[in-house]
file input08.tsv (TSV, C-alpha atoms and all ligand atoms)
chain	number	residue	atom	x	y	z
A	21	MET	CA	-152.40	64.35	-28.66
A	22	ARG	CA	-151.26	60.75	-29.13
A	23	ALA	CA	-151.50	58.32	-26.19
A	24	LEU	CA	-148.78	55.72	-26.56
A	25	SER	CA	-148.35	52.43	-24.75
A	26	THR	CA	-146.11	49.52	-25.57
A	27	THR	CA	-147.54	47.06	-23.12
A	28	GLY	CA	-151.27	47.44	-22.60
A	29	VAL	CA	-150.66	47.05	-18.85
A	30	GLU	CA	-152.75	49.37	-16.70
A	31	ALA	CA	-151.07	52.38	-15.09
A	32	PRO	CA	-150.84	52.44	-11.26
A	33	GLU	CA	-154.09	53.47	-9.60
A	34	LEU	CA	-154.36	57.06	-8.42
A	35	ASN	CA	-156.77	58.92	-6.26
A	36	VAL	CA	-158.52	60.73	-9.08
A	37	SER	CA	-161.47	61.72	-6.90
A	38	SER	CA	-159.44	64.40	-5.08
A	39	THR	CA	-158.66	67.85	-6.45
A	40	PRO	CA	-155.88	67.58	-9.04
A	41	ALA	CA	-152.48	68.80	-7.93
A	42	VAL	CA	-152.11	70.67	-11.21
A	43	LYS	CA	-154.77	71.55	-13.74
A	44	ALA	CA	-153.78	73.57	-16.79
A	45	SER	CA	-156.68	74.47	-19.06
A	46	SER	CA	-156.01	75.86	-22.55
A	47	VAL	CA	-152.87	77.61	-21.34
A	48	SER	CA	-150.99	79.78	-23.82
A	49	LYS	CA	-148.10	82.13	-23.16
A	50	SER	CA	-146.56	84.85	-25.32
A	51	PHE	CA	-143.59	87.08	-24.64
A	52	ALA	CA	-143.74	90.44	-26.44
A	53	GLY	CA	-146.36	89.09	-28.83
A	54	SER	CA	-144.35	85.97	-29.67
A	55	LEU	CA	-146.16	82.70	-28.86
A	56	VAL	CA	-144.09	80.33	-26.69
A	57	ILE	CA	-146.74	77.92	-25.36
A	58	GLU	CA	-150.01	77.10	-27.08
A	59	GLY	CA	-153.19	75.56	-25.69
A	60	ILE	CA	-151.76	73.27	-23.02
A	61	ASN	CA	-154.25	71.06	-21.23
A	62	LEU	CA	-152.68	69.01	-18.48
A	63	THR	CA	-154.07	67.40	-15.36
A	64	VAL	CA	-151.70	65.93	-12.79
A	65	GLU	CA	-153.38	63.96	-10.02
A	66	GLN	CA	-152.15	64.16	-6.44
A	67	GLY	CA	-149.28	61.74	-5.85
A	68	GLU	CA	-148.34	61.46	-9.52
A	69	PHE	CA	-144.81	61.88	-10.81
A	70	ILE	CA	-144.83	63.20	-14.34
A	71	ALA	CA	-141.94	64.02	-16.63
A	72	LEU	CA	-141.86	66.69	-19.34
A	73	ILE	CA	-139.50	66.32	-22.26
A	74	GLY	CA	-139.11	68.45	-25.37
A	75	ALA	CA	-136.71	70.44	-27.50
A	76	SER	CA	-134.71	73.30	-26.04
A	77	GLY	CA	-136.81	76.47	-26.15
A	78	CYS	CA	-140.20	74.72	-26.39
A	79	GLY	CA	-141.41	76.32	-23.15
A	80	LYS	CA	-140.80	73.70	-20.43
A	81	THR	CA	-139.30	76.15	-17.93
A	82	THR	CA	-141.98	78.70	-18.78
A	83	LEU	CA	-144.68	76.11	-18.02
A	84	LEU	CA	-143.09	75.30	-14.65
A	85	ARG	CA	-142.73	79.00	-13.87
A	86	MET	CA	-146.45	79.47	-14.55
A	87	CYS	CA	-147.24	76.50	-12.25
A	88	ALA	CA	-145.19	78.22	-9.52
A	89	GLY	CA	-146.99	81.53	-10.07
A	90	LEU	CA	-143.81	83.23	-11.31
A	91	GLU	CA	-145.32	83.95	-14.75
A	92	GLN	CA	-148.94	84.50	-15.71
A	93	PRO	CA	-150.52	82.64	-18.64
A	94	SER	CA	-151.44	85.00	-21.51
A	95	SER	CA	-154.66	83.00	-21.78
A	96	GLY	CA	-156.12	79.96	-20.08
A	97	LEU	CA	-155.98	78.96	-16.43
A	98	ILE	CA	-153.64	77.08	-14.10
A	99	GLU	CA	-154.84	75.78	-10.76
A	100	ILE	CA	-152.65	74.17	-8.11
A	101	PHE	CA	-154.66	72.09	-5.64
A	102	GLY	CA	-157.69	74.02	-6.86
A	103	LYS	CA	-156.09	77.42	-6.12
A	104	PRO	CA	-154.25	80.05	-8.13
A	105	PRO	CA	-150.52	79.16	-8.26
A	106	ALA	CA	-149.53	82.27	-6.26
A	107	ALA	CA	-151.80	81.16	-3.40
A	108	ALA	CA	-150.26	77.68	-3.39
A	109	THR	CA	-146.78	79.26	-3.36
A	110	SER	CA	-147.74	81.54	-0.46
A	111	ALA	CA	-149.01	78.48	1.41
A	112	HIS	CA	-145.57	76.86	0.83
A	113	GLU	CA	-147.19	73.99	-1.01
A	114	ILE	CA	-144.73	74.22	-3.90
A	115	GLY	CA	-141.00	73.45	-3.92
A	116	VAL	CA	-139.02	74.52	-6.97
A	117	ALA	CA	-135.54	73.72	-8.20
A	118	PHE	CA	-134.84	75.56	-11.42
A	119	GLN	CA	-132.09	74.99	-13.94
A	120	ARG	CA	-129.95	77.76	-12.50
A	121	PRO	CA	-129.47	77.29	-8.75
A	122	ALA	CA	-130.91	80.22	-6.79
A	123	LEU	CA	-128.77	80.12	-3.65
A	124	VAL	CA	-128.13	83.02	-1.30
A	125	PRO	CA	-124.45	83.88	-1.96
A	126	CYS	CA	-123.58	84.98	1.58
A	127	ARG	CA	-124.92	81.78	3.18
A	128	THR	CA	-123.23	78.39	3.34
A	129	ALA	CA	-124.82	75.28	1.84
A	130	LEU	CA	-126.29	74.27	5.21
A	131	GLU	CA	-127.46	77.82	5.97
A	132	ASN	CA	-129.20	78.00	2.58
A	133	VAL	CA	-131.21	74.88	3.37
A	134	ARG	CA	-131.97	76.08	6.90
A	135	LEU	CA	-133.06	79.44	5.50
A	136	THR	CA	-135.65	77.71	3.31
A	137	LEU	CA	-137.09	76.10	6.42
A	138	LYS	CA	-137.15	79.41	8.25
A	139	ILE	CA	-139.05	81.02	5.36
A	140	THR	CA	-141.54	78.18	4.99
A	141	GLY	CA	-141.97	77.67	8.74
A	142	SER	CA	-142.61	74.01	8.05
A	143	ASP	CA	-143.38	71.67	10.98
A	144	ASP	CA	-142.94	68.59	8.86
A	145	ALA	CA	-139.48	69.26	7.51
A	146	MET	CA	-136.64	66.87	6.79
A	147	ASP	CA	-133.39	67.33	8.66
A	148	PRO	CA	-131.22	69.68	6.53
A	149	LEU	CA	-128.05	67.85	7.58
A	150	ALA	CA	-129.50	64.48	6.61
A	151	VAL	CA	-130.71	65.77	3.22
A	152	LEU	CA	-127.34	67.29	2.37
A	153	THR	CA	-125.53	64.15	3.52
A	154	HIS	CA	-127.80	62.01	1.31
A	155	PHE	CA	-126.82	64.27	-1.55
A	156	GLY	CA	-123.14	63.55	-0.87
A	157	LEU	CA	-122.47	67.05	0.42
A	158	GLU	CA	-121.22	66.24	3.92
A	159	GLU	CA	-117.85	67.83	3.09
A	160	ALA	CA	-119.49	70.97	1.70
A	161	LEU	CA	-121.91	71.92	4.47
A	162	ASN	CA	-119.95	75.02	5.42
A	163	LEU	CA	-118.92	76.14	1.97
A	164	TYR	CA	-120.42	79.20	0.29
A	165	PRO	CA	-122.13	78.89	-3.14
A	166	HIS	CA	-119.13	80.35	-4.99
A	167	GLU	CA	-116.95	77.64	-3.43
A	168	LEU	CA	-119.20	74.85	-4.75
A	169	SER	CA	-119.00	73.23	-8.19
A	170	GLY	CA	-122.01	73.63	-10.50
A	171	GLY	CA	-123.20	70.10	-9.66
A	172	MET	CA	-122.84	70.72	-5.92
A	173	GLN	CA	-124.83	73.96	-6.24
A	174	GLN	CA	-127.56	72.02	-8.02
A	175	ARG	CA	-127.70	69.46	-5.24
A	176	VAL	CA	-128.08	72.21	-2.61
A	177	ASN	CA	-130.75	73.71	-4.85
A	178	ILE	CA	-132.73	70.44	-4.87
A	179	ALA	CA	-132.23	70.09	-1.11
A	180	CYS	CA	-133.77	73.57	-0.64
A	181	ALA	CA	-136.73	72.60	-2.83
A	182	LEU	CA	-137.37	69.39	-0.92
A	183	VAL	CA	-136.54	70.05	2.69
A	184	HIS	CA	-139.87	71.57	3.71
A	185	GLN	CA	-141.74	68.59	2.19
A	186	PRO	CA	-143.86	70.57	-0.27
A	187	ALA	CA	-146.95	68.84	-1.64
A	188	LEU	CA	-145.88	69.76	-5.19
A	189	LEU	CA	-142.28	69.61	-6.34
A	190	LEU	CA	-141.22	71.27	-9.60
A	191	LEU	CA	-137.82	70.13	-10.82
A	192	ASP	CA	-136.30	71.77	-13.89
A	193	GLU	CA	-133.44	69.64	-15.22
A	194	PRO	CA	-132.13	69.20	-11.69
A	195	PHE	CA	-129.47	66.66	-12.64
A	196	GLY	CA	-128.17	68.46	-15.72
A	197	ALA	CA	-124.73	69.39	-14.44
A	198	LEU	CA	-123.96	66.16	-12.61
A	199	ASP	CA	-121.59	63.36	-13.52
A	200	GLU	CA	-123.24	60.05	-14.40
A	201	ILE	CA	-122.54	58.26	-11.11
A	202	THR	CA	-123.79	61.14	-8.94
A	203	ARG	CA	-126.76	61.50	-11.24
A	204	GLU	CA	-127.70	57.81	-10.89
A	205	ARG	CA	-127.29	58.00	-7.13
A	206	LEU	CA	-129.53	61.05	-6.88
A	207	VAL	CA	-132.16	59.61	-9.22
A	208	ASP	CA	-132.31	56.48	-7.01
A	209	TRP	CA	-132.46	58.54	-3.85
A	210	LEU	CA	-135.12	60.86	-5.22
A	211	ALA	CA	-137.18	57.88	-6.40
A	212	GLY	CA	-136.89	56.44	-2.87
A	213	ILE	CA	-138.03	59.50	-0.97
A	214	LEU	CA	-140.81	60.27	-3.40
A	215	ARG	CA	-142.11	56.72	-3.11
A	216	GLU	CA	-142.46	57.17	0.63
A	217	SER	CA	-144.53	60.35	0.30
A	218	SER	CA	-147.73	61.40	-1.39
A	219	ARG	CA	-145.93	64.29	-3.04
A	220	THR	CA	-146.71	65.27	-6.62
A	221	THR	CA	-143.72	65.94	-8.83
A	222	ILE	CA	-143.20	67.47	-12.27
A	223	LEU	CA	-139.73	66.80	-13.62
A	224	VAL	CA	-138.35	68.52	-16.71
A	225	THR	CA	-135.51	66.55	-18.17
A	226	HIS	CA	-133.61	66.03	-21.41
A	227	SER	CA	-132.98	62.40	-20.44
A	228	VAL	CA	-135.68	60.08	-21.77
A	229	GLU	CA	-134.32	57.26	-19.59
A	230	GLU	CA	-134.51	59.40	-16.47
A	231	ALA	CA	-138.09	60.35	-17.38
A	232	VAL	CA	-139.13	56.70	-17.72
A	233	THR	CA	-137.19	55.67	-14.58
A	234	LEU	CA	-138.95	58.19	-12.38
A	235	SER	CA	-142.37	59.00	-13.76
A	236	THR	CA	-145.84	57.52	-14.08
A	237	ARG	CA	-146.44	59.46	-17.30
A	238	VAL	CA	-144.09	61.15	-19.74
A	239	PHE	CA	-145.38	64.17	-21.65
A	240	VAL	CA	-143.65	65.14	-24.86
A	241	MET	CA	-143.82	68.78	-25.92
A	242	SER	CA	-143.68	69.94	-29.51
A	243	ARG	CA	-141.26	72.53	-30.77
A	244	ARG	CA	-142.06	76.16	-29.96
A	245	PRO	CA	-144.85	77.08	-29.57
A	246	GLY	CA	-144.90	74.22	-27.10
A	247	ARG	CA	-147.96	71.98	-27.12
A	248	ILE	CA	-148.43	68.56	-25.54
A	249	ALA	CA	-147.64	66.35	-28.52
A	250	ALA	CA	-147.79	62.93	-26.85
A	251	GLU	CA	-148.30	61.18	-23.53
A	252	ILE	CA	-146.62	57.89	-22.65
A	253	LYS	CA	-147.98	56.00	-19.67
A	254	VAL	CA	-145.34	54.19	-17.62
A	255	PRO	CA	-147.06	51.17	-16.06
A	256	LEU	CA	-143.94	49.85	-14.34
A	257	PRO	CA	-143.71	48.67	-10.72
A	258	THR	CA	-143.10	51.55	-8.32
A	259	ILE	CA	-139.60	50.35	-7.49
A	260	ARG	CA	-137.60	50.52	-10.71
A	261	ASP	CA	-134.44	48.72	-9.74
A	262	PHE	CA	-131.60	47.64	-12.00
A	263	GLU	CA	-133.48	44.52	-13.13
A	264	ILE	CA	-136.57	46.51	-14.12
A	265	ARG	CA	-134.39	49.01	-15.98
A	266	GLN	CA	-132.93	46.17	-18.04
A	267	SER	CA	-136.37	44.68	-18.82
A	268	GLU	CA	-137.91	44.60	-22.28
A	269	GLN	CA	-140.87	46.57	-20.94
A	270	PHE	CA	-138.66	49.40	-19.67
A	271	LEU	CA	-136.59	49.51	-22.84
A	272	GLY	CA	-139.80	49.48	-24.94
A	273	LEU	CA	-141.13	52.48	-23.01
A	274	VAL	CA	-137.86	54.35	-23.50
A	275	ARG	CA	-138.08	53.59	-27.23
A	276	SER	CA	-141.69	54.84	-27.35
A	277	ALA	CA	-140.80	58.06	-25.56
A	278	ARG	CA	-137.79	58.59	-27.81
A	279	ASP	CA	-139.88	57.97	-30.96
A	280	ALA	CA	-142.56	60.37	-29.72
A	281	LEU	CA	-139.88	62.99	-29.04
A	282	HIS	CA	-138.41	62.56	-32.51
A	283	SER	CA	-141.79	62.88	-34.21
A	284	ALA	CA	-142.62	65.93	-32.08
A	285	LEU	CA	-139.36	67.50	-33.25
A	286	ALA	CA	-140.05	66.59	-36.86
A	287	ASP	CA	-143.60	68.07	-36.89
A	301	LIG	N1	-139.00	86.34	-19.70
A	301	LIG	C1	-138.91	86.06	-21.00
A	301	LIG	N2	-138.95	87.06	-21.91
A	301	LIG	C2	-138.89	86.80	-23.24
A	301	LIG	N3	-138.77	85.55	-23.76
A	301	LIG	C3	-138.72	84.53	-22.89
A	301	LIG	C4	-138.78	84.73	-21.46
A	301	LIG	N4	-138.72	83.52	-20.85
A	301	LIG	C5	-138.60	82.61	-21.84
A	301	LIG	N5	-138.61	83.22	-23.05
A	301	LIG	C6	-138.53	82.55	-24.36
A	301	LIG	O1	-139.49	81.51	-24.34
A	301	LIG	C7	-138.99	80.38	-25.03
A	301	LIG	C8	-139.12	79.18	-24.13
A	301	LIG	O2	-138.19	79.31	-23.08
A	301	LIG	P1	-138.06	78.20	-21.95
A	301	LIG	O3	-136.95	78.63	-21.07
A	301	LIG	O4	-139.37	77.98	-21.32
A	301	LIG	O5	-137.66	76.93	-22.82
A	301	LIG	P2	-137.20	75.47	-22.32
A	301	LIG	O6	-138.09	74.49	-23.01
A	301	LIG	O7	-137.15	75.43	-20.85
A	301	LIG	O8	-135.74	75.37	-22.95
A	301	LIG	P3	-134.44	74.59	-22.38
A	301	LIG	O9	-134.68	73.12	-22.64
A	301	LIG	O10	-133.33	75.13	-23.20
A	301	LIG	O11	-134.30	74.91	-20.93
A	301	LIG	C9	-137.57	80.69	-25.45
A	301	LIG	O12	-137.59	81.08	-26.80
A	301	LIG	C10	-137.19	81.85	-24.56
A	301	LIG	O13	-136.29	82.70	-25.19
A	302	MG	MG	-135.65	75.20	-19.50

call {"tool": "encode", "arguments": {"input": "input08.tsv", "output": "structure tokens", "more": "lines below"}}
Ligand SMILES: Nc1ncnc2c1ncn2[C@@H]1O[C@H](COP(=O)(O)OP(=O)(O)OP(=O)(O)O)[C@@H](O)[C@H]1O
Ligand SMILES: [Mg+2]
result
Amino acid sequence: MRALSTTGVEAPELNVSSTPAVKASSVSKSFAGSLVIEGINLTVEQGEFIALIGASGCGKTTLLRMCAGLEQPSSGLIEIFGKPPAAATSAHEIGVAFQRPALVPCRTALENVRLTLKITGSDDAMDPLAVLTHFGLEEALNLYPHELSGGMQQRVNIACALVHQPALLLLDEPFGALDEITRERLVDWLAGILRESSRTTILVTHSVEEAVTLSTRVFVMSRRPGRIAAEIKVPLPTIRDFEIRQSEQFLGLVRSARDALHSALAD
């Protein structure tokens, strides 16, 4: 694996003495004998925000599904806060928003978010109304999933993943179906709420810029079978406002990540 840096500036300090939020050791996954993921080693410290980028079909969703305990590795081991993923899921420590929104069809947007809280029984939850309002869904609170656009469904999906304040958030291309303005607004809002918490986040995205805007490290996966081909540290200030996003340092990091992605695709 290549470690890339354009700046030589140190990455933000993390509490590496605690149990990692995610530890994947030599993880491989096959479906019907066909190798999809090969030998992934990945440690995500508590409080980190990492981004995963890679070609379509390289196994990003499969890796997230294994972290959530929804798929088993064919070989290797994944631990979430030192436990098997299924145990972390049962303890409601994981929030997931997958590519395809998984909303209950006979419940409104607001009821879907409230239902998540009922299931998780969280004492430390955000206010469902406030979350949906932040996501620009104040007009859609009482609409059913089939009455929502794809982008609105995705926003409700993210709200469901976040509302119980899970310690680990897994986001699989959560902004894919959104227009650019809504996308920018949500990226800023997500960056804001994640800054205020000690939550660990893994974001899968096809947007290199989004990855650099939000994360502390960007991991680039190779083509199928997916391996970690490169890691780019993002030693930017925590608040990445417009000025930071126009800076040479930011643009250099985006270039590095893009180059790493292109060479991973060419390999
Ligand atoms: N349950 C399954 N059974 C068989 N094959 C599967 C299954 N889940 C995923 N795959 C295959 O594994 C490969 C990786 O799929 P995955 O969805 O993880 O890719 P991805 O990197 O998330 O792609 P994308 O960027 O398009 O979302 C694909 O070839 C897919 O067809
Ligand atoms: Mg996917």

call {"tool": "closest_residue", "arguments": {"input": "input08.tsv", "among": "A:Arg203, A:Arg275, A:Arg244, A:Arg237", "to": "ligand LIG 301 (chain A)", "atoms": "only C-alpha atoms and all ligand atoms"}}
result
A:Arg244

call {"tool": "residues_near_ligand", "arguments": {"input": "input08.tsv", "ligand": "ligand MG 302 (chain A)", "cutoff": "7 Å", "atoms": "all atoms listed in the file", "output": "PyMOL selection string"}}
result
chain A and resi 76-77+79-81+119+192

call {"tool": "residues_near_point", "arguments": {"input": "input08.tsv", "point": "(-125.6, 69.0, -12.2)", "cutoff": "8 Å", "atoms": "all atoms listed in the file", "output": "list in words"}}
result
Gly170, Gly171, Met172, Gln173, Gln174, Arg175, Pro194, Phe195, Gly196, Ala197, Leu198, Asp199 and Arg203 of chain A

call {"tool": "atom_distance", "arguments": {"input": "input08.tsv", "atom1": "atom CA of A:Gly53", "atom2": "atom CA of A:Leu281"}}
result
26.9 Å

call {"tool": "residues_near_ligand", "arguments": {"input": "input08.tsv", "ligand": "ligand LIG 301 (chain A)", "cutoff": "12 Å", "atoms": "all atoms listed in the file", "output": "compact mmCIF listing (two decimals) with C-alpha atoms, in the frame of the given file"}}
result
# COMPACT_ATOMS: atom_id res chain seq x y z
CA SER A 48 -150.99 79.78 -23.82
CA LYS A 49 -148.10 82.13 -23.16
CA SER A 50 -146.56 84.85 -25.32
CA PHE A 51 -143.59 87.08 -24.64
CA ALA A 52 -143.74 90.44 -26.44
CA GLY A 53 -146.36 89.09 -28.83
CA SER A 54 -144.35 85.97 -29.67
CA LEU A 55 -146.16 82.70 -28.86
CA VAL A 56 -144.09 80.33 -26.69
CA ILE A 57 -146.74 77.92 -25.36
CA GLU A 58 -150.01 77.10 -27.08
CA LEU A 72 -141.86 66.69 -19.34
CA ILE A 73 -139.50 66.32 -22.26
CA GLY A 74 -139.11 68.45 -25.37
CA ALA A 75 -136.71 70.44 -27.50
CA SER A 76 -134.71 73.30 -26.04
CA GLY A 77 -136.81 76.47 -26.15
CA CYS A 78 -140.20 74.72 -26.39
CA GLY A 79 -141.41 76.32 -23.15
CA LYS A 80 -140.80 73.70 -20.43
CA THR A 81 -139.30 76.15 -17.93
CA THR A 82 -141.98 78.70 -18.78
CA LEU A 83 -144.68 76.11 -18.02
CA LEU A 84 -143.09 75.30 -14.65
CA ARG A 85 -142.73 79.00 -13.87
CA MET A 86 -146.45 79.47 -14.55
CA LEU A 90 -143.81 83.23 -11.31
CA GLU A 91 -145.32 83.95 -14.75
CA GLN A 92 -148.94 84.50 -15.71
CA PHE A 118 -134.84 75.56 -11.42
CA GLN A 119 -132.09 74.99 -13.94
CA ARG A 120 -129.95 77.76 -12.50
CA LEU A 191 -137.82 70.13 -10.82
CA ASP A 192 -136.30 71.77 -13.89
CA GLU A 193 -133.44 69.64 -15.22
CA PRO A 194 -132.13 69.20 -11.69
CA GLY A 196 -128.17 68.46 -15.72
CA LEU A 223 -139.73 66.80 -13.62
CA VAL A 224 -138.35 68.52 -16.71
CA THR A 225 -135.51 66.55 -18.17
CA HIS A 226 -133.61 66.03 -21.41
CA SER A 227 -132.98 62.40 -20.44
CA VAL A 240 -143.65 65.14 -24.86
CA MET A 241 -143.82 68.78 -25.92
CA SER A 242 -143.68 69.94 -29.51
CA ARG A 243 -141.26 72.53 -30.77
CA ARG A 244 -142.06 76.16 -29.96
CA PRO A 245 -144.85 77.08 -29.57
CA GLY A 246 -144.90 74.22 -27.10
CA ARG A 247 -147.96 71.98 -27.12

call {"tool": "residues_around", "arguments": {"input": "input08.tsv", "residues": "A:Leu149", "least_positions_apart": "4", "cutoff": "10 Å", "atoms": "all atoms listed in the file", "output": "list of chain:residue names"}}
result
A:Ala129, A:Leu130, A:Val133, A:Arg134, A:Thr153, A:His154, A:Phe155, A:Leu157, A:Glu158, A:Leu161, A:Ala179

call {"tool": "closest_residue", "arguments": {"input": "input08.tsv", "among": "A:Ala106, A:Pro121, A:Leu214, A:Leu188", "to": "A:Ser169", "atoms": "only C-alpha atoms"}}
result
A:Pro121

call {"tool": "closest_residue", "arguments": {"input": "input08.tsv", "among": "A:Pro125, A:Gly67, A:Gly141, A:Pro105", "to": "A:Pro93", "atoms": "only C-alpha atoms"}}
result
A:Pro105

call {"tool": "residues_near_point", "arguments": {"input": "input08.tsv", "point": "(-136.8, 72.9, -4.3)", "cutoff": "9 Å", "atoms": "only C-alpha atoms", "output": "list in words"}}
result
Ile114, Gly115, Val116, Ala117, Phe118, Val176, Asn177, Ile178, Ala179, Cys180, Ala181, Leu182, Val183, His184, Pro186, Leu189, Leu190 and Leu191 of chain A

call {"tool": "write_last_selection", "arguments": {"input": "input08.tsv", "atoms": "C-alpha atoms", "output": "short mmCIF file (atom, residue, chain, number, x, y, z; two decimals), in the coordinates of the input"}}
result
data_model
loop_
_atom_site.label_atom_id
_atom_site.label_comp_id
_atom_site.auth_asym_id
_atom_site.auth_seq_id
_atom_site.Cartn_x
_atom_site.Cartn_y
_atom_site.Cartn_z
CA ILE A 114 -144.73 74.22 -3.90
CA GLY A 115 -141.00 73.45 -3.92
CA VAL A 116 -139.02 74.52 -6.97
CA ALA A 117 -135.54 73.72 -8.20
CA PHE A 118 -134.84 75.56 -11.42
CA VAL A 176 -128.08 72.21 -2.61
CA ASN A 177 -130.75 73.71 -4.85
CA ILE A 178 -132.73 70.44 -4.87
CA ALA A 179 -132.23 70.09 -1.11
CA CYS A 180 -133.77 73.57 -0.64
CA ALA A 181 -136.73 72.60 -2.83
CA LEU A 182 -137.37 69.39 -0.92
CA VAL A 183 -136.54 70.05 2.69
CA HIS A 184 -139.87 71.57 3.71
CA PRO A 186 -143.86 70.57 -0.27
CA LEU A 189 -142.28 69.61 -6.34
CA LEU A 190 -141.22 71.27 -9.60
CA LEU A 191 -137.82 70.13 -10.82
#

call {"tool": "atom_distance", "arguments": {"input": "input08.tsv", "atom1": "atom CA of A:Glu68", "atom2": "atom CA of A:Val254"}}
result
11.3 Å

call {"tool": "atom_distance", "arguments": {"input": "input08.tsv", "atom1": "atom CA of A:Pro40", "atom2": "atom CA of A:Ser95"}}
result
20.0 Å

call {"tool": "closest_residue", "arguments": {"input": "input08.tsv", "among": "A:Thr140, A:Tyr164, A:Ser45, A:Leu206", "to": "A:Val124", "atoms": "all atoms listed in the file"}}
result
A:Tyr164
